[in-house]
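Trainee: Just passing along the structure, written as structure tokens.
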Amino acid sequence: MLLFLISCFSVILVSKSFFRPFGTWKRDMRMQASPWFLGEVSRFLISWSARSKAARGFLHFLTSSLKKNGNGKAENVMVEGLEGEEYTLLDLPDLALECILERLSPFQLCSMAAVCRSLSERCSSDHLWEKHMKQKWGRLVGNAAYQQWQCYIASRNRAKLQESKRGKGLLGYFSIFSDKMWNNRSRENEIVTEQRNSLPVDSVKAWYLAIETGKLRFPAQVYNRENGQVGFMLSCYDAELSYDSSTDTFIARYSAPGRRPTIEDNIEWNRIRAPAVDVPAHVLHVSDCLHDLKPGDHIEVQWRRNRDFPYGWWYGVVGHLESCTGQESHCQCHLNDSVVLEFKQYAPSSRWRQTIVNRRDHREVGNGADGFYGGIRKLCNENEISTWKSLWPTSTLE
Amino acid sequence: MIVLNSSDGATFEVEESVAVQSQTIKHMIEDNCADTSIPLPNVNGVTLARVLEYIKKHAEAKDDEEGLKSFDAEFVKVDQASLFEIILAANYLDIKGLLDLTCQTVADQIKDLTVEEVRAIFNIMNDFTPEEEAKLRNDHAWAFE
């Protein structure tokens, strides 16, 4: 079929006087060969190309030879359809083009950005990428991650500046000065072109890609760290996460005082969450729910071994005081200054089973042996509670 | 019944309840611009016929989800030029369902194409310098190794 088309093409080339033009051929580029036969062949091929891969290949050959024959000016070739109307993708109204681009995956958007300048701009718009950002990373990326991103941008900008300065030295400074004096306009054009074609460092697209490729680590929390190691069951620890797109999992770095960070990989999505409160891991959270707590409430409490370690968040339930029978109608525990925090994942005899805090003035309590219990947050969101329950250990801990 | 005139002089009759799927036509009717007929200078006869086929089917078989799905799938099996004409018409006539359907079709076509194939099929000229193009491909490869 391809051979047939090629021979057709050459026959038409040779014996053009035998053909009558169908419709008109409008173009912006001057052609060396006669216009009408190319129009004829192109029109035929374009309707073909939608179905035939071979025709697409031939059409590509045709358009690239048009490029070579033209006078070098970069403009879009317009081809007439059967009804005598022109069409290129870029001629579609904004709404329609947006409609199409909205339906592309991040991968395809990157691909489309390499097609031409106009598409490059459209495919990098914050509006399109905000949607993808929200969809994939919205759940995990909070204020802290955004701050991290801003720092990352600032450091990249600093590095770029230092690099350009380092490479030039005194002569470099002189050349920049002379450029400014004599070549202001052309330099400006260069800079504008460079800015236009490189990814704006602070765009949402850049942020998305930085996370997707694992180049940017962001702060988040990991449930049951270190693959459910018994010492961390039903806890959630802060970590620096990076994404591995090949396995669709995460790698976490847990900081530890005085030694290298512990690294865990292959962490699934269901074990990750954005930090629950805007408080770094070493900082005590100020509890604001103490007066409210009553038996049956689900809570998380900060706990650390000693003041050198970061806090983790541990899941528990508010329990009844020893003096209380546990009957709801007679329970007065919510009026008592003492609040019992129960960690039922531990056996009743375990020293981790429960702790008591004072609801009036609790900030941090503990000792070297049992560690330190810090800020408390009450869980009201059913999803959070069911997530903890889904991670319940299979056997009771000691 | 509403009478519609295409750009090339063809006339079509369609029930008002069906025609109002087009927000443009709906507003024209509401603004009393539709006493005799509605001129649609931006849509030719062939395309208008196709669009009317779509809105008629969607009006009469509103609750038949399966039927509409297969109708839609067949409806978009047209050549590139016609598909673009329908997109332009759906945009002009403001028919959301048709615009979504046709744009999704184009997006689905794009999904499996390389950069060169997109340029060839959608008649787009590469206006990057070789250096710019190399840099863009680098960014792309870096993004999705």
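If you're wondering about the labels, chains in the structure tokens are A, B, ... by order shown, residues count from 1 in each chain, ligands from 1 in order shown.
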Please identify all polymer residues within 9 Å of Gln21 of chain B, counting only C-alpha atoms, omitting same-chain residues fewer than 6 positions from it, and present them as a PyMOL selection string.

Mentor: chain B and resi 55+59+93-97

Trainee: Excluding Ala90 of chain B and residues on its chain fewer than 5 positions from it, collect all residues at most 10 Å away from it, counting only C-alpha atoms, and give them as a PyMOL selection string.

Mentor: (chain A and resi 96) or (chain B and resi 22+24+43+47-48+51+84-85+95-102)

Trainee: Taking only C-alpha atoms into account, report as a VMD selection string which residues of chain B lie within 7 Å of chain A.

Mentor: chain B and resid 79 to 81 88 91 103 to 104 106 to 107 111 115 119 to 128 132 to 133 136 to 137 140 143

Trainee: Among segment 263-342 of chain A, which ones does DSSP place in strand (DSSP E), written as a list in words?

Mentor: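 Filtering segment 263-342 of chain A down to strand (DSSP E) leaves Ile263, Glu264, Asp265, Asn266, Ile267, Ile272, Arg273, His298, Ile299, Glu300, Val301, Gln302, Trp303, Arg304, Gly312, Trp313, Trp314, Tyr315, Gly316, Val317, Val318, Gly319, Ser338, Val339, Val340, Leu341 and Glu342 of chain A.
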
Trainee: Show which residues sit within 10 Å of Leu40 of chain B, as a list in words. Count only C-alpha atoms, and ignore same-chain residues fewer than 6 positions away.

Mentor: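 The contact residues come out as Leu4, Asn5, Ser6, Ser7, Asp8, Gly9, Ile25, Leu48, Ala89, Tyr92 and Leu93 of chain B.
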
Trainee: Selected residues, N, CA, C and O atoms, written as a PDB file, in the first residue's frame, please.

Mentor:
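The resulting file, selection16.pdb, is reproduced below:
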```
ATOM      1  N   LEU B   4     -33.834  25.707  11.899  1.00  0.00           N
ATOM      2  CA  LEU B   4     -32.433  26.130  11.966  1.00  0.00           C
ATOM      3  C   LEU B   4     -31.879  26.241  10.555  1.00  0.00           C
ATOM      4  O   LEU B   4     -32.108  25.363   9.723  1.00  0.00           O
ATOM      5  N   ASN B   5     -31.129  27.329  10.291  1.00  0.00           N
ATOM      6  CA  ASN B   5     -30.499  27.510   8.980  1.00  0.00           C
ATOM      7  C   ASN B   5     -28.995  27.380   9.098  1.00  0.00           C
ATOM      8  O   ASN B   5     -28.372  28.132   9.855  1.00  0.00           O
ATOM      9  N   SER B   6     -28.428  26.472   8.334  1.00  0.00           N
ATOM     10  CA  SER B   6     -26.970  26.319   8.394  1.00  0.00           C
ATOM     11  C   SER B   6     -26.297  27.379   7.530  1.00  0.00           C
ATOM     12  O   SER B   6     -26.945  28.134   6.814  1.00  0.00           O
ATOM     13  N   SER B   7     -24.979  27.432   7.601  1.00  0.00           N
ATOM     14  CA  SER B   7     -24.215  28.457   6.885  1.00  0.00           C
ATOM     15  C   SER B   7     -24.360  28.328   5.374  1.00  0.00           C
ATOM     16  O   SER B   7     -24.297  29.311   4.638  1.00  0.00           O
ATOM     17  N   ASP B   8     -24.576  27.067   4.899  1.00  0.00           N
ATOM     18  CA  ASP B   8     -24.683  26.872   3.456  1.00  0.00           C
ATOM     19  C   ASP B   8     -26.132  26.773   2.991  1.00  0.00           C
ATOM     20  O   ASP B   8     -26.415  26.211   1.944  1.00  0.00           O
ATOM     21  N   GLY B   9     -27.047  27.313   3.790  1.00  0.00           N
ATOM     22  CA  GLY B   9     -28.432  27.460   3.333  1.00  0.00           C
ATOM     23  C   GLY B   9     -29.353  26.286   3.592  1.00  0.00           C
ATOM     24  O   GLY B   9     -30.524  26.338   3.234  1.00  0.00           O
ATOM     25  N   ILE B  25     -28.925  28.089  21.419  1.00  0.00           N
ATOM     26  CA  ILE B  25     -30.275  28.140  20.836  1.00  0.00           C
ATOM     27  C   ILE B  25     -31.286  28.478  21.922  1.00  0.00           C
ATOM     28  O   ILE B  25     -32.210  29.265  21.722  1.00  0.00           O
ATOM     29  N   LEU B  48     -24.291  20.257  10.995  1.00  0.00           N
ATOM     30  CA  LEU B  48     -25.515  20.523  11.753  1.00  0.00           C
ATOM     31  C   LEU B  48     -26.396  19.280  11.779  1.00  0.00           C
ATOM     32  O   LEU B  48     -26.988  18.945  12.803  1.00  0.00           O
ATOM     33  N   ALA B  89     -18.724  23.114  16.254  1.00  0.00           N
ATOM     34  CA  ALA B  89     -20.175  23.325  16.332  1.00  0.00           C
ATOM     35  C   ALA B  89     -20.660  23.187  17.778  1.00  0.00           C
ATOM     36  O   ALA B  89     -21.453  23.994  18.257  1.00  0.00           O
ATOM     37  N   TYR B  92     -19.727  26.279  19.602  1.00  0.00           N
ATOM     38  CA  TYR B  92     -20.556  27.427  19.215  1.00  0.00           C
ATOM     39  C   TYR B  92     -21.971  27.289  19.758  1.00  0.00           C
ATOM     40  O   TYR B  92     -22.557  28.246  20.258  1.00  0.00           O
ATOM     41  N   LEU B  93     -22.527  26.069  19.646  1.00  0.00           N
ATOM     42  CA  LEU B  93     -23.907  25.863  20.085  1.00  0.00           C
ATOM     43  C   LEU B  93     -24.003  25.604  21.584  1.00  0.00           C
ATOM     44  O   LEU B  93     -25.098  25.511  22.123  1.00  0.00           O
TER      45      LEU B  93
END
```
